[in-house]
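Structure, as structure tokens:
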Amino acid sequence: MTVPKPQLDKGLYTVRTQQFYLFQLMFWLGLMAITFFSLTLWYGTAELPHIEHTVLQAVLGVLVSYPLRNVYTWLWERPLLQRLGISLLVVALGAGIWTILRMVTFIWIVQEEKNLWSDFGGWYFGGFFIFLCWSALYYGLSYYNQVQFEQERSRQAEQETQQEHLKRLEAETVAREAQLKMLRYQLNPHFLFNTLNTINALIRLKDNDTAQNMLQKLSHFLRYALDNEPAYRISLAEELNALMLYLNIELIRFGDRLSMDVQVSDAAKKALIPSLLLQPLVENAIKYAISTRETGGTIGIKADIEDDLLCLDVWDDGPGLSGGSEQALKGRGVGLHNTLERLQNLYGRDHSVDIGTSERNGVQISMRFPYEVEPGQREQPLAELVKG
């Protein structure tokens with residue numbers, strides 16, 4: 001979450017204020033204790049007046065050093081050399097004021113008769129050293145707070161960036177899934193139209209049993225299509241199972257005119273691919289390579305693994321390409337176009353599609369994309385996939 005700069009400055013100022021009072025208390029109490037044990041006791045002057053002066057000089061130190069905070073805050077954004085020079089002048093001035101107050105109060109409390117002012121240099125040297133230490137510790141604490149606060153602000157900014165990135169990814173995922181659904185669901189009305197026309201023709205021919213059988217197979221295929229989200233992937237074995245649901249319908253239409261040649265390796269059967277990827281390609285092959293010839297033809301599916309890529313080919317032995325791959329793409333309509341769009345949305349640059357001539361002079365569509373498997377995927381023998 002982004003916090004406005006004024007709020008950041010206010011928060012930093014609050015932290016510094018709280019720590020400043022604690023720092024003042026600890027520093028001058030510490031000095032008072034050190035003075036008592038190293039001077040008062042050491043020189044055998046632990047009488048009440050000397051103890052009172054030890055406490056009073058700490059209180060005076062608090063009062064004299066307090067304004068230094070405002071000066072150092074004003075110097076905070078100044079250049080380093082300017083800050084250093086002015087800080088030394090402030091230390092010298094503060095130490096001088098504190099030394100004079102200490103000496104005056106000492107003469108007043110202890111009622112010293114000798115002239116102490118001749119010892120001013122010694123008293124001032126100690127005061128200068130103490131105020132120099134005070135300033136160094138104050139700056140050190142301030143820099144520490146600044147670093148900690150900047151790290152916290154950086155962490156918050158990074159957290160916000162990650163959240164925005166996650167939101168973008170989520171939005172992109174939703175948009176991609178919507179697009180994939182749109183692309184795939186364009187296929188169902190196209191296939192449904194052809195199948196219903198065939199059922200209508202069978203009914204007109206009084207072939208009610210065949211029409212009923214075809215209608216049942218159509219319901220099985222559509223139920224499968226609706227149960228599988230287009231954005232998700234299934235194993236190639238499951239995809240072949242779905243394809244056979246579709247082919248069982250087409251076999252009723254074409255009978256012996258349609259034959260299949262499926263060559264899929266065991267490793268390839270485990271590969272995850274977009275659901276209903278093969279059906280529109282096979283449907284195109286039936287339309288352009290099988291239905292146009294009285295003798296029908298063969299549609300082949302070949303799949304294997306090479307260099308961690310799934311190599312998936314769909315071919316036919318039809319009339320082949322008449323105007324190159326671009327012409328074939330235009331000629332084979334929404335099915336092939338939507339398949340290419342789905343692959344692009346799912347794999348981006350990690351896939352390739354080649355449209356060329358098969359070994360039997362028909363059309364061959366060769367797809368290559370990353371080989372991924374789902375742990376524990378159960379294989380299905382191809383022989384069990386074809387059902388009459």
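Identifiers in this document derive from the order of the structure tokens: chains are assigned A, B, ..., residues are numbered from 1 separately in each chain, and ligands are numbered from 1 in order of occurrence.
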Leaving out Ala201 in chain A and any residue of its chain fewer than 5 positions from it, which residues lie within 12 Å of it when counting only C-alpha atoms, given as an NGL selection string?
:A and (194-196 or 206-208 or 210-211 or 214 or 253)
I'd like the neighbourhood of Trp117 in chain A as JSON, numbers by chain, where a residue qualifies if any of its atoms comes within 12 Å (using only C-alpha atoms), though same-chain residues fewer than 4 positions away should be ignored.
{"A": [99, 100, 101, 102, 103, 104, 106, 107, 112, 113, 121, 122, 123, 124]}
Identify, with DSSP run on backbone atoms, the residues in range 198-288 of chain A assigned to strand (DSSP E or B), and express the list as a PyMOL selection string.
chain A and resi 233-235+258-264+271-274
Between CA of Ile365 in chain A and CA of Val282 in chain A - distance in Å to one decimal
10.3 Å
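Summary of the local environment: counting only C-alpha atoms, residues at most 9 Å from Tyr138 in chain A, other than itself and those fewer than 5 positions away along its chain, are A:Phe20, A:Phe23, A:Arg69, A:Tyr72, A:Cys133, A:Tyr143.
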Would you export the selected residues with N, CA and C atoms as a short mmCIF file (atom, residue, chain, number, x, y, z; two decimals), in the first residue's frame, please?
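Saved the output as part_2.cif:
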data_model
loop_
_atom_site.label_atom_id
_atom_site.label_comp_id
_atom_site.auth_asym_id
_atom_site.auth_seq_id
_atom_site.Cartn_x
_atom_site.Cartn_y
_atom_site.Cartn_z
N PHE A 20 14.09 10.39 20.82
CA PHE A 20 14.92 11.50 21.31
C PHE A 20 14.79 11.63 22.81
N PHE A 23 16.53 8.83 24.38
CA PHE A 23 17.97 9.05 24.21
C PHE A 23 18.47 10.08 25.22
N ARG A 69 18.63 19.76 18.99
CA ARG A 69 17.80 18.90 18.13
C ARG A 69 17.16 19.70 17.00
N TYR A 72 19.87 20.55 14.43
CA TYR A 72 20.27 19.39 13.62
C TYR A 72 19.15 18.97 12.66
N CYS A 133 30.13 13.75 21.70
CA CYS A 133 29.57 12.39 21.77
C CYS A 133 28.04 12.43 21.64
N TYR A 143 20.24 8.65 11.56
CA TYR A 143 20.51 7.91 10.32
C TYR A 143 19.95 6.50 10.39
#
Measure the distance from CA of Leu63 in chain A to CA of Trp108 in chain A in Å and round it to one decimal.
19.0 Å
For Phe131 in chain A, list every protein, DNA or RNA residue within 9 Å, evaluated using only C-alpha atoms, and leave out those in the same chain fewer than 5 positions away; present the list as an MDAnalysis selection string.
chainID A and resid 61 65 91:92 94:95 126 136
Could you save those same residues with C-alpha atoms as a short mmCIF file (atom, residue, chain, number, x, y, z; two decimals), in the first residue's frame?
data_model
loop_
_atom_site.label_atom_id
_atom_site.label_comp_id
_atom_site.auth_asym_id
_atom_site.auth_seq_id
_atom_site.Cartn_x
_atom_site.Cartn_y
_atom_site.Cartn_z
CA GLY A 61 22.92 19.18 30.06
CA SER A 65 21.26 20.01 24.48
CA VAL A 91 28.89 21.65 19.76
CA ALA A 92 31.50 24.27 20.73
CA GLY A 94 26.68 24.26 23.60
CA ALA A 95 29.74 22.95 25.45
CA GLY A 126 35.35 17.67 29.06
CA ALA A 136 27.49 11.83 17.17
#
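Nearest-residue note for Tyr66 in chain A: choosing from A:Ser38, A:Thr17, A:Thr198, A:Gln159, the minimum distance belongs to A:Thr17, counting only C-alpha atoms.
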Alpha helix (DSSP H) call set, DSSP backbone run, range 267-330 of chain A, as a ChimeraX atom specification
/A:267-269,279-285,324-330
Would you put the residues from that selection into a file with all heavy atoms, as a short mmCIF file (atom, residue, chain, number, x, y, z; two decimals), in the first residue's frame?
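And here's result.cif as it stands now:
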data_model
loop_
_atom_site.label_atom_id
_atom_site.label_comp_id
_atom_site.auth_asym_id
_atom_site.auth_seq_id
_atom_site.Cartn_x
_atom_site.Cartn_y
_atom_site.Cartn_z
N ALA A 267 4.74 -42.17 -23.86
CA ALA A 267 5.10 -40.92 -23.21
C ALA A 267 4.19 -39.79 -23.67
O ALA A 267 3.78 -38.93 -22.89
CB ALA A 267 6.56 -40.57 -23.48
N ALA A 268 3.87 -39.76 -24.97
CA ALA A 268 3.03 -38.70 -25.51
C ALA A 268 1.60 -38.77 -24.97
O ALA A 268 0.94 -37.74 -24.81
CB ALA A 268 3.01 -38.76 -27.02
N LYS A 269 1.14 -39.98 -24.66
CA LYS A 269 -0.22 -40.11 -24.14
C LYS A 269 -0.40 -39.39 -22.81
O LYS A 269 -1.49 -38.99 -22.44
CB LYS A 269 -0.59 -41.59 -23.98
CG LYS A 269 -0.90 -42.29 -25.29
CD LYS A 269 -1.47 -43.67 -25.06
CE LYS A 269 -0.40 -44.64 -24.57
NZ LYS A 269 -0.93 -46.01 -24.45
N GLN A 279 -10.25 -32.12 -32.17
CA GLN A 279 -11.55 -32.28 -32.85
C GLN A 279 -11.75 -31.33 -34.03
O GLN A 279 -12.15 -31.76 -35.12
CB GLN A 279 -12.67 -32.13 -31.82
CG GLN A 279 -14.07 -32.38 -32.38
CD GLN A 279 -14.72 -31.08 -32.86
OE1 GLN A 279 -14.40 -30.00 -32.33
NE2 GLN A 279 -15.58 -31.17 -33.84
N PRO A 280 -11.49 -30.02 -33.89
CA PRO A 280 -11.70 -29.15 -35.06
C PRO A 280 -10.75 -29.44 -36.21
O PRO A 280 -11.12 -29.25 -37.38
CB PRO A 280 -11.47 -27.74 -34.50
CG PRO A 280 -10.68 -27.93 -33.25
CD PRO A 280 -11.11 -29.23 -32.69
N LEU A 281 -9.54 -29.93 -35.91
CA LEU A 281 -8.59 -30.27 -36.98
C LEU A 281 -9.06 -31.50 -37.73
O LEU A 281 -8.99 -31.56 -38.98
CB LEU A 281 -7.19 -30.49 -36.39
CG LEU A 281 -6.60 -29.32 -35.60
CD1 LEU A 281 -5.21 -29.67 -35.09
CD2 LEU A 281 -6.56 -28.06 -36.47
N VAL A 282 -9.53 -32.49 -36.99
CA VAL A 282 -10.06 -33.71 -37.63
C VAL A 282 -11.34 -33.39 -38.39
O VAL A 282 -11.58 -33.91 -39.50
CB VAL A 282 -10.30 -34.81 -36.57
CG1 VAL A 282 -11.03 -36.00 -37.18
CG2 VAL A 282 -8.97 -35.25 -35.97
N GLU A 283 -12.16 -32.51 -37.82
CA GLU A 283 -13.40 -32.12 -38.51
C GLU A 283 -13.09 -31.45 -39.85
O GLU A 283 -13.76 -31.72 -40.86
CB GLU A 283 -14.20 -31.18 -37.62
CG GLU A 283 -15.54 -30.79 -38.23
CD GLU A 283 -16.35 -29.90 -37.31
OE1 GLU A 283 -15.85 -29.57 -36.21
OE2 GLU A 283 -17.47 -29.53 -37.69
N ASN A 284 -12.07 -30.59 -39.87
CA ASN A 284 -11.65 -29.97 -41.13
C ASN A 284 -11.17 -31.01 -42.13
O ASN A 284 -11.46 -30.93 -43.33
CB ASN A 284 -10.53 -28.96 -40.87
CG ASN A 284 -11.07 -27.59 -40.49
OD1 ASN A 284 -12.22 -27.28 -40.77
ND2 ASN A 284 -10.25 -26.79 -39.83
N ALA A 285 -10.38 -31.98 -41.64
CA ALA A 285 -9.87 -33.03 -42.53
C ALA A 285 -11.02 -33.83 -43.12
O ALA A 285 -11.00 -34.19 -44.32
CB ALA A 285 -8.91 -33.93 -41.76
N GLY A 324 -0.96 -23.00 -50.83
CA GLY A 324 -0.03 -22.76 -49.73
C GLY A 324 -0.74 -22.77 -48.38
O GLY A 324 -1.96 -22.92 -48.29
N SER A 325 0.06 -22.63 -47.33
CA SER A 325 -0.49 -22.73 -45.97
C SER A 325 -1.46 -21.60 -45.65
O SER A 325 -2.44 -21.81 -44.95
CB SER A 325 0.66 -22.76 -44.95
OG SER A 325 1.43 -21.58 -45.06
N GLU A 326 -1.19 -20.40 -46.13
CA GLU A 326 -2.10 -19.28 -45.86
C GLU A 326 -3.46 -19.52 -46.50
O GLU A 326 -4.50 -19.24 -45.90
CB GLU A 326 -1.50 -17.97 -46.38
CG GLU A 326 -0.28 -17.52 -45.59
CD GLU A 326 0.20 -16.15 -46.05
OE1 GLU A 326 -0.48 -15.55 -46.90
OE2 GLU A 326 1.25 -15.69 -45.55
N GLN A 327 -3.45 -20.03 -47.73
CA GLN A 327 -4.71 -20.34 -48.41
C GLN A 327 -5.44 -21.46 -47.68
O GLN A 327 -6.67 -21.44 -47.56
CB GLN A 327 -4.43 -20.73 -49.87
CG GLN A 327 -5.70 -20.91 -50.69
CD GLN A 327 -6.51 -19.63 -50.80
OE1 GLN A 327 -5.95 -18.55 -50.86
NE2 GLN A 327 -7.83 -19.76 -50.83
N ALA A 328 -4.65 -22.42 -47.17
CA ALA A 328 -5.26 -23.53 -46.43
C ALA A 328 -5.91 -23.02 -45.15
O ALA A 328 -6.99 -23.47 -44.76
CB ALA A 328 -4.21 -24.58 -46.11
N LEU A 329 -5.27 -22.07 -44.50
CA LEU A 329 -5.82 -21.51 -43.28
C LEU A 329 -7.15 -20.81 -43.57
O LEU A 329 -8.11 -20.96 -42.82
CB LEU A 329 -4.83 -20.52 -42.67
CG LEU A 329 -5.28 -19.77 -41.42
CD1 LEU A 329 -5.62 -20.76 -40.30
CD2 LEU A 329 -4.22 -18.78 -40.96
N LYS A 330 -7.19 -20.05 -44.67
CA LYS A 330 -8.44 -19.37 -45.03
C LYS A 330 -9.50 -20.38 -45.42
O LYS A 330 -10.66 -20.28 -45.05
CB LYS A 330 -8.18 -18.40 -46.17
CG LYS A 330 -7.30 -17.23 -45.78
CD LYS A 330 -7.06 -16.31 -46.97
CE LYS A 330 -6.14 -15.15 -46.60
NZ LYS A 330 -5.86 -14.27 -47.75
#
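Between CA of Val147 in chain A and CA of Trp74 in chain A the separation is 18.6 Å.
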